[in-house]
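A.B. asks: One structure coming up, written as structure tokens, with questions to follow.
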Protein chains: 2
Amino acid sequence: MAEQAATSRRAPLSRDRILRTAVALADAAGIDSLSMRNLAQELGVVPMALYKHVANKDELLDAMIDMVVGEIDPPMPDAHWKQAVRQRVLSARAALRCHPWAALAIEARNMATPAILAYLDSVVATLRSGGLSADLAHHVMHAMGSRVLGFSQELFDTARDAGRSGPTPEQQPVAMPPEVAARFPHLAEIATAASHDDASVVGSGCDDQFEFEFALDLLLDGIERLQQQGWTSARR
Amino acid sequence: MAEQAATSRRAPLSRDRILRTAVALADAAGIDSLSMRNLAQELGVVPMALYKHVANKDELLDAMIDMVVGEIDPPMPDAHWKQAVRQRVLSARAALRCHPWAALAIEARNMATPAILAYLDSVVATLRSGGLSADLAHHVMHAMGSRVLGFSQELFDTARDAGRSGPTPEQQPVAMPPEVAARFPHLAEIATAASHDDASVVGSGCDDQFEFEFALDLLLDGIERLQQQGWTSARR
DNA sequence: AACGGTAGGTGTACGGCGTACACCTGTCAA
DNA sequence: TTGACAGGTGTACGCCGTACACCTACCGTT
């Protein structure tokens with residue numbers, strides 16, 4: 001009698017439990033290790049059991065993305081549009097940094113999940129209520145590109161394969177090997193150039209957050225200037 | 001006697017022939033249909049034959065990327081840095097548009113192929129010889145992000161799944177269905193806002209090239225302004 | 001109390017993938 | 001003539017997503 005058989009002991013499967021476990025697994029082990037079989041095992045269940053709660057792997061990924069996008073802070077009311085958008089984008093970035101696999105997953109999908117659309121819509125709302133024309137807002141959304149969702153490609157990024165291979169173990173100094181530096185001298189030069197006078201940042205490390213905000217502000221400042229001078233796509 | 005047996009009739013395999021066929025196949029059928037088995041069949045050969053010329057599929061993809069990057073125009077000498085970079089980036093974009101799968105492939109890799117590094121190095125060289133400090137050049141490269149390689153995420157892009165599913169059959173008008181427009185009113189508003197006064201562009205179509213150049217110029221103009229006022233990351 | 005429906009977990013199986021490994025074959029230098 | 005070797009072949013393994021038939025426990029109804 002004890003209690004019920006061991007099979008019914010564990011928490012019952014549910015869409016929500018599947019999603020949370022899937023996100024945790026992708027966070028911990030990288031998106032590449034997220035197979036239906038792995039996920040099922042993690043949940044102590046046979047792979048096909050998942051299909052009673054999600055249509056297929058694509059739909060699972062979409063739902064995972066929506067879960068991450070749902071972590072983005074709500075818009076702050078009563079702020080200048082520029083500050084509001086800045087804040088929102090930085091919040092999006094923070095959410096994406098917690099789930100390194102998400103950026104690539106978003107790019108790989110057709111990008112039409114409801115949560116993403118809702119987020120984008122609310123960003124546009126901020127722009128519009130800040131006085132930007134629909135015309136300008138349109139181009140702004142394009143100009144921001146993926147940055148509005150909190151990521152740029154970070155061309156030299158080490159965090160990028162974290163999404164594939166698991167969590168970044170440590171921020172390695174990753175100095176450029178000499179033979180590489182010799183072949184690409186200009187890259188080598190600028191690799192260590194930034195913050196060279198700021199002793200708090202070690203040699204070749206580079207402050208991703210600063211880079212992101214640099215680009216973001218470059219865009220926002222330019223956009224503000226366009227708005228102030230009544231820019232229109234017609235005069236082109 | 002006739003001639004040699006049919007097996008030896010066809011052109012001998014070579015790394016170059018494999019690469020060109022792989023690129024063509026990805027262009028025509030989408031990157032998802034590029035399996036080693038498919039590619040081998042296309043070449044009239046057994047799958048394992050490929051491994052005599054490429055180490056594995058990842059290396060194949062890297063080489064394909066390098067092939068695309070190699071199509072980018074060389075830097076134009078004797079031009080203002082801003083114009084030179086603009087030109088170069090637009091050329092990169094043109095190359096990437098011919099191979100819609102390439103952008104995603106580049107993002108998905110660790111981004112360290114020699115051709116990409118060489119390209120980035122030469123862009124940096126242009127910036128430096130144009131008078132930008134190494135410091136500023138560093139941040140500029142970050143700010144440009146993937147755009148320097150000719151692609152932004154084009155958030156609403158239709159061309160994006162072309163890389164997966166094959167060539168875009170036609171530029172469909174893709175009007176937003178009313179129930180979607182109702183849920184995301186601000187997106188709906190701006191979707192048709194741009195070029196609304198330009199009759200040459202149909203309803204909800206939107207000029208990707210224009211959007212790309214808009215963002216590119218927004219960045220380049222902002223960068224030029226920073227350079228002119230002697231911007232430094234230290235004063236922050 | 002008996003029963004039929006249904007939601008949800010199981011087991012098996014299929015076709016596709018990348019690729020390790022042993023093998024064969026034609027070519028060419030010695 | 002021989003033997004090494006470059007390059008194409010065949011088989012097999014372990015993964016993947018998932019279709020499909022099945023079982024089982026629970027439920028409201030009669």
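Quick note on naming: the chains in the structure tokens go A, B, ... in the order shown, residues restart at 1 in each chain, and ligands are numbered from 1 in order of appearance.
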Report as JSON lines the residues of chain B within 12 Å of chain C, each with its shortest atom pair and distance in Å (one decimal), using only C-alpha atoms (C1' of nucleotides), ordered by chain and increasing residue number.

C.D. replies:
{"residue": "B:Thr7", "atom": "CA", "partner": "C:DT25", "partner_atom": "C1'", "distance": 11.8}
{"residue": "B:Ser8", "atom": "CA", "partner": "C:DG26", "partner_atom": "C1'", "distance": 10.2}
{"residue": "B:Asp32", "atom": "CA", "partner": "C:DC17", "partner_atom": "C1'", "distance": 11.4}
{"residue": "B:Ser33", "atom": "CA", "partner": "C:DC17", "partner_atom": "C1'", "distance": 11.2}
{"residue": "B:Leu34", "atom": "CA", "partner": "C:DC17", "partner_atom": "C1'", "distance": 10.9}
{"residue": "B:Ser35", "atom": "CA", "partner": "C:DC17", "partner_atom": "C1'", "distance": 7.7}
{"residue": "B:Met36", "atom": "CA", "partner": "C:DG18", "partner_atom": "C1'", "distance": 7.7}
{"residue": "B:Arg37", "atom": "CA", "partner": "C:DC17", "partner_atom": "C1'", "distance": 8.6}
{"residue": "B:Asn38", "atom": "CA", "partner": "C:DC17", "partner_atom": "C1'", "distance": 10.8}
{"residue": "B:Pro47", "atom": "CA", "partner": "C:DT19", "partner_atom": "C1'", "distance": 9.6}
{"residue": "B:Met48", "atom": "CA", "partner": "C:DT19", "partner_atom": "C1'", "distance": 7.9}
{"residue": "B:Ala49", "atom": "CA", "partner": "C:DT19", "partner_atom": "C1'", "distance": 11.3}
{"residue": "B:Leu50", "atom": "CA", "partner": "C:DT19", "partner_atom": "C1'", "distance": 10.8}
{"residue": "B:Tyr51", "atom": "CA", "partner": "C:DT19", "partner_atom": "C1'", "distance": 8.8}
{"residue": "B:Ala55", "atom": "CA", "partner": "C:DT19", "partner_atom": "C1'", "distance": 10.2}
{"residue": "B:Asn56", "atom": "CA", "partner": "C:DT19", "partner_atom": "C1'", "distance": 8.1}
{"residue": "B:Lys57", "atom": "CA", "partner": "C:DG18", "partner_atom": "C1'", "distance": 7.8}
{"residue": "B:Asp58", "atom": "CA", "partner": "C:DG18", "partner_atom": "C1'", "distance": 10.3}

A.B. asks: Applying 12 Å and only C-alpha atoms (C1' of nucleotides), which residues near stretch 75-82 of chain A remain after dropping the ones on its own chain fewer than 2 positions away? List them as an mmCIF file with C-alpha atoms, in the first residue's frame.

C.D. replies:
data_model
loop_
_atom_site.group_PDB
_atom_site.id
_atom_site.type_symbol
_atom_site.label_atom_id
_atom_site.label_comp_id
_atom_site.auth_asym_id
_atom_site.auth_seq_id
_atom_site.Cartn_x
_atom_site.Cartn_y
_atom_site.Cartn_z
ATOM 1 C CA ILE A 72 11.123 41.829 -20.424
ATOM 2 C CA ASP A 73 10.008 44.653 -18.159
ATOM 3 C CA ALA A 84 11.549 54.739 -22.190
ATOM 4 C CA VAL A 85 12.817 52.886 -25.241
ATOM 5 C CA ARG A 86 16.344 52.825 -23.911
ATOM 6 C CA GLN A 87 15.178 51.334 -20.650
ATOM 7 C CA ARG A 88 13.009 48.774 -22.361
ATOM 8 C CA VAL A 89 15.724 47.637 -24.726
ATOM 9 C CA LEU A 90 18.190 47.292 -21.892
ATOM 10 C CA SER A 91 15.661 45.203 -20.044
ATOM 11 C CA ALA A 92 15.255 43.019 -23.116
ATOM 12 C CA ALA A 118 3.197 42.273 -28.501
ATOM 13 C CA TYR A 119 6.545 43.528 -27.324
ATOM 14 C CA LEU A 120 7.338 45.196 -30.618
ATOM 15 C CA ASP A 121 3.895 46.708 -30.707
ATOM 16 C CA SER A 122 4.365 48.295 -27.319
ATOM 17 C CA VAL A 123 7.729 49.713 -28.345
ATOM 18 C CA VAL A 124 6.112 51.280 -31.367
ATOM 19 C CA ALA A 125 3.408 52.657 -29.098
ATOM 20 C CA THR A 126 6.079 54.365 -27.028
ATOM 21 C CA LEU A 127 7.642 55.896 -30.104
ATOM 22 C CA ARG A 128 4.319 57.095 -31.459
ATOM 23 C CA SER A 129 3.131 58.606 -28.214
ATOM 24 C CA GLY A 130 6.491 60.322 -27.981
ATOM 25 C CA GLY A 131 5.611 62.221 -31.090
ATOM 26 C CA LEU A 132 7.418 60.269 -33.790
ATOM 27 C CA ALA A 137 8.703 54.921 -36.345
ATOM 28 C CA VAL A 140 13.321 53.266 -36.568
ATOM 29 C CA LEU A 216 21.994 51.966 -28.786
ATOM 30 C CA ASP A 217 22.633 55.581 -27.895
ATOM 31 C CA LEU A 218 24.203 56.255 -31.267
ATOM 32 C CA LEU A 219 20.958 55.154 -32.842
ATOM 33 C CA LEU A 220 18.655 56.859 -30.351
ATOM 34 C CA ASP A 221 20.542 60.147 -30.597
ATOM 35 C CA GLY A 222 20.433 60.036 -34.360
ATOM 36 C CA ILE A 223 16.745 59.222 -34.305
ATOM 37 C CA GLU A 224 16.013 62.087 -31.948
ATOM 38 C CA ARG A 225 17.844 64.432 -34.252
ATOM 39 C CA GLN A 227 12.604 63.672 -35.306
#

A.B. asks: Determine, using only C-alpha atoms (C1' of nucleotides), which residues of chain D have any atom at most 9 Å from an atom of chain B, and tabulate each with its shortest atom pair and distance in Å to one decimal place, rows ordered by chain and then rising number, as CSV.

C.D. replies:
residue,atom,partner,partner_atom,distance
D:DG7,C1',B:Lys52,CA,6.9
D:DG8,C1',B:Ala49,CA,5.7
D:DT9,C1',B:Val46,CA,7.0

A.B. asks: Write a file of the just-selected residues containing C-alpha atoms (C1' of nucleotides), as a PDB file, in the first residue's frame.

C.D. replies:
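Writing the result to part.pdb gives the following:
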ATOM      1  C1'  DG D   7      40.148   8.649 -53.514  1.00  0.00           C
ATOM      2  C1'  DG D   8      35.537   6.418 -54.030  1.00  0.00           C
ATOM      3  C1'  DT D   9      32.393   2.599 -51.700  1.00  0.00           C
TER       4       DT D   9
END

A.B. asks: I'd like a table as JSON lines: residues in chain A with an atom no more than 6 Å from chain B, each row giving the shortest atom pair and its distance in Å to one decimal, only C-alpha atoms counted, sorted by chain and rising residue number.

C.D. replies:
{"residue": "A:Asp121", "atom": "CA", "partner": "B:Leu187", "partner_atom": "CA", "distance": 5.3}
{"residue": "A:Val124", "atom": "CA", "partner": "B:His186", "partner_atom": "CA", "distance": 5.9}
{"residue": "A:Ala125", "atom": "CA", "partner": "B:His186", "partner_atom": "CA", "distance": 5.8}
{"residue": "A:Ala134", "atom": "CA", "partner": "B:Ile190", "partner_atom": "CA", "distance": 5.1}
{"residue": "A:Asp135", "atom": "CA", "partner": "B:Ala194", "partner_atom": "CA", "distance": 4.7}
{"residue": "A:His138", "atom": "CA", "partner": "B:Ile190", "partner_atom": "CA", "distance": 5.2}
{"residue": "A:Ala143", "atom": "CA", "partner": "B:Ala215", "partner_atom": "CA", "distance": 4.4}
{"residue": "A:Gly145", "atom": "CA", "partner": "B:Gln153", "partner_atom": "CA", "distance": 5.5}
{"residue": "A:Ser146", "atom": "CA", "partner": "B:Gln153", "partner_atom": "CA", "distance": 5.6}
{"residue": "A:Gln153", "atom": "CA", "partner": "B:Gly145", "partner_atom": "CA", "distance": 5.5}
{"residue": "A:Glu154", "atom": "CA", "partner": "B:Gly145", "partner_atom": "CA", "distance": 5.8}
{"residue": "A:Leu155", "atom": "CA", "partner": "B:Gly145", "partner_atom": "CA", "distance": 5.9}
{"residue": "A:Phe184", "atom": "CA", "partner": "B:Asp121", "partner_atom": "CA", "distance": 5.7}
{"residue": "A:His186", "atom": "CA", "partner": "B:Asp121", "partner_atom": "CA", "distance": 5.5}
{"residue": "A:Leu187", "atom": "CA", "partner": "B:Asp121", "partner_atom": "CA", "distance": 5.3}
{"residue": "A:Ile190", "atom": "CA", "partner": "B:Ala134", "partner_atom": "CA", "distance": 5.1}
{"residue": "A:Ala193", "atom": "CA", "partner": "B:Asp135", "partner_atom": "CA", "distance": 5.0}
{"residue": "A:Ala194", "atom": "CA", "partner": "B:Asp135", "partner_atom": "CA", "distance": 4.7}
{"residue": "A:Ala215", "atom": "CA", "partner": "B:Ala143", "partner_atom": "CA", "distance": 4.4}

A.B. asks: Suppose we keep N, CA and C atoms; can you now write the selection as an mmCIF file, in the first residue's frame?

C.D. replies:
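Generated output (result02.cif):
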data_model
loop_
_atom_site.group_PDB
_atom_site.id
_atom_site.type_symbol
_atom_site.label_atom_id
_atom_site.label_comp_id
_atom_site.auth_asym_id
_atom_site.auth_seq_id
_atom_site.Cartn_x
_atom_site.Cartn_y
_atom_site.Cartn_z
ATOM 1 N N ASP A 121 5.012 45.775 -30.628
ATOM 2 C CA ASP A 121 3.895 46.708 -30.707
ATOM 3 C C ASP A 121 3.979 47.767 -29.618
ATOM 4 N N VAL A 124 6.616 50.318 -30.381
ATOM 5 C CA VAL A 124 6.112 51.280 -31.367
ATOM 6 C C VAL A 124 5.173 52.272 -30.700
ATOM 7 N N ALA A 125 4.337 51.772 -29.805
ATOM 8 C CA ALA A 125 3.408 52.657 -29.098
ATOM 9 C C ALA A 125 4.182 53.756 -28.370
ATOM 10 N N ALA A 134 4.446 57.998 -37.807
ATOM 11 C CA ALA A 134 4.375 56.566 -38.131
ATOM 12 C C ALA A 134 5.473 56.219 -39.128
ATOM 13 N N ASP A 135 5.701 57.118 -40.038
ATOM 14 C CA ASP A 135 6.746 56.947 -41.038
ATOM 15 C C ASP A 135 8.105 56.739 -40.359
ATOM 16 N N HIS A 138 8.415 53.566 -38.308
ATOM 17 C CA HIS A 138 8.639 52.403 -39.160
ATOM 18 C C HIS A 138 10.135 52.190 -39.407
ATOM 19 N N ALA A 143 15.738 50.115 -38.228
ATOM 20 C CA ALA A 143 17.117 50.505 -37.921
ATOM 21 C C ALA A 143 17.604 49.818 -36.651
ATOM 22 N N GLY A 145 16.562 47.004 -35.584
ATOM 23 C CA GLY A 145 16.759 45.591 -35.920
ATOM 24 C C GLY A 145 16.653 44.732 -34.684
ATOM 25 N N SER A 146 17.545 43.771 -34.574
ATOM 26 C CA SER A 146 17.466 42.861 -33.444
ATOM 27 C C SER A 146 17.848 43.567 -32.149
ATOM 28 N N GLN A 153 24.764 41.244 -32.872
ATOM 29 C CA GLN A 153 25.515 40.003 -33.056
ATOM 30 C C GLN A 153 26.817 39.929 -32.273
ATOM 31 N N GLU A 154 27.236 41.061 -31.741
ATOM 32 C CA GLU A 154 28.464 41.004 -30.965
ATOM 33 C C GLU A 154 29.484 40.181 -31.729
ATOM 34 N N LEU A 155 29.988 40.769 -32.762
ATOM 35 C CA LEU A 155 30.744 40.007 -33.748
ATOM 36 C C LEU A 155 31.797 39.084 -33.164
ATOM 37 N N PHE A 184 46.138 39.912 -38.961
ATOM 38 C CA PHE A 184 45.067 40.902 -38.928
ATOM 39 C C PHE A 184 45.456 42.048 -38.006
ATOM 40 N N HIS A 186 45.081 45.255 -37.907
ATOM 41 C CA HIS A 186 44.147 46.298 -37.486
ATOM 42 C C HIS A 186 43.174 45.791 -36.440
ATOM 43 N N LEU A 187 42.778 44.530 -36.589
ATOM 44 C CA LEU A 187 41.932 43.934 -35.552
ATOM 45 C C LEU A 187 42.698 43.861 -34.251
ATOM 46 N N ILE A 190 42.827 47.333 -32.531
ATOM 47 C CA ILE A 190 41.642 47.836 -31.831
ATOM 48 C C ILE A 190 41.154 46.875 -30.746
ATOM 49 N N ALA A 193 42.330 48.378 -27.723
ATOM 50 C CA ALA A 193 42.336 49.837 -27.694
ATOM 51 C C ALA A 193 41.338 50.398 -26.696
ATOM 52 N N ALA A 194 40.141 49.829 -26.687
ATOM 53 C CA ALA A 194 39.100 50.429 -25.872
ATOM 54 C C ALA A 194 39.414 50.302 -24.394
ATOM 55 N N ALA A 215 26.139 51.638 -29.037
ATOM 56 C CA ALA A 215 25.409 51.534 -30.297
ATOM 57 C C ALA A 215 23.974 51.989 -30.127
#

A.B. asks: What separation in Å, quoted to one decimal, exists between atom CA of B:Gly44 and atom CA of B:Asp16?

C.D. replies: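 These atoms are spaced 15.4 Å apart.
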
A.B. asks: For the atom pair atom CA of B:Ala11 and atom CA of B:Leu60, what is the interatomic distance in Å to one decimal place?

C.D. replies: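 So the two atoms, atom CA of B:Ala11 and atom CA of B:Leu60, lie 19.9 Å apart.
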
A.B. asks: I need the residues in stretch 13-220 of chain A that are helix (DSSP H, G or I) according to DSSP; give them as a ChimeraX atom specification.

C.D. replies: /A:15-29,31-33,36-42,47-52,57-69,81-98,101-108,114-129,134-149,162-165,178-183,185-191,208-220
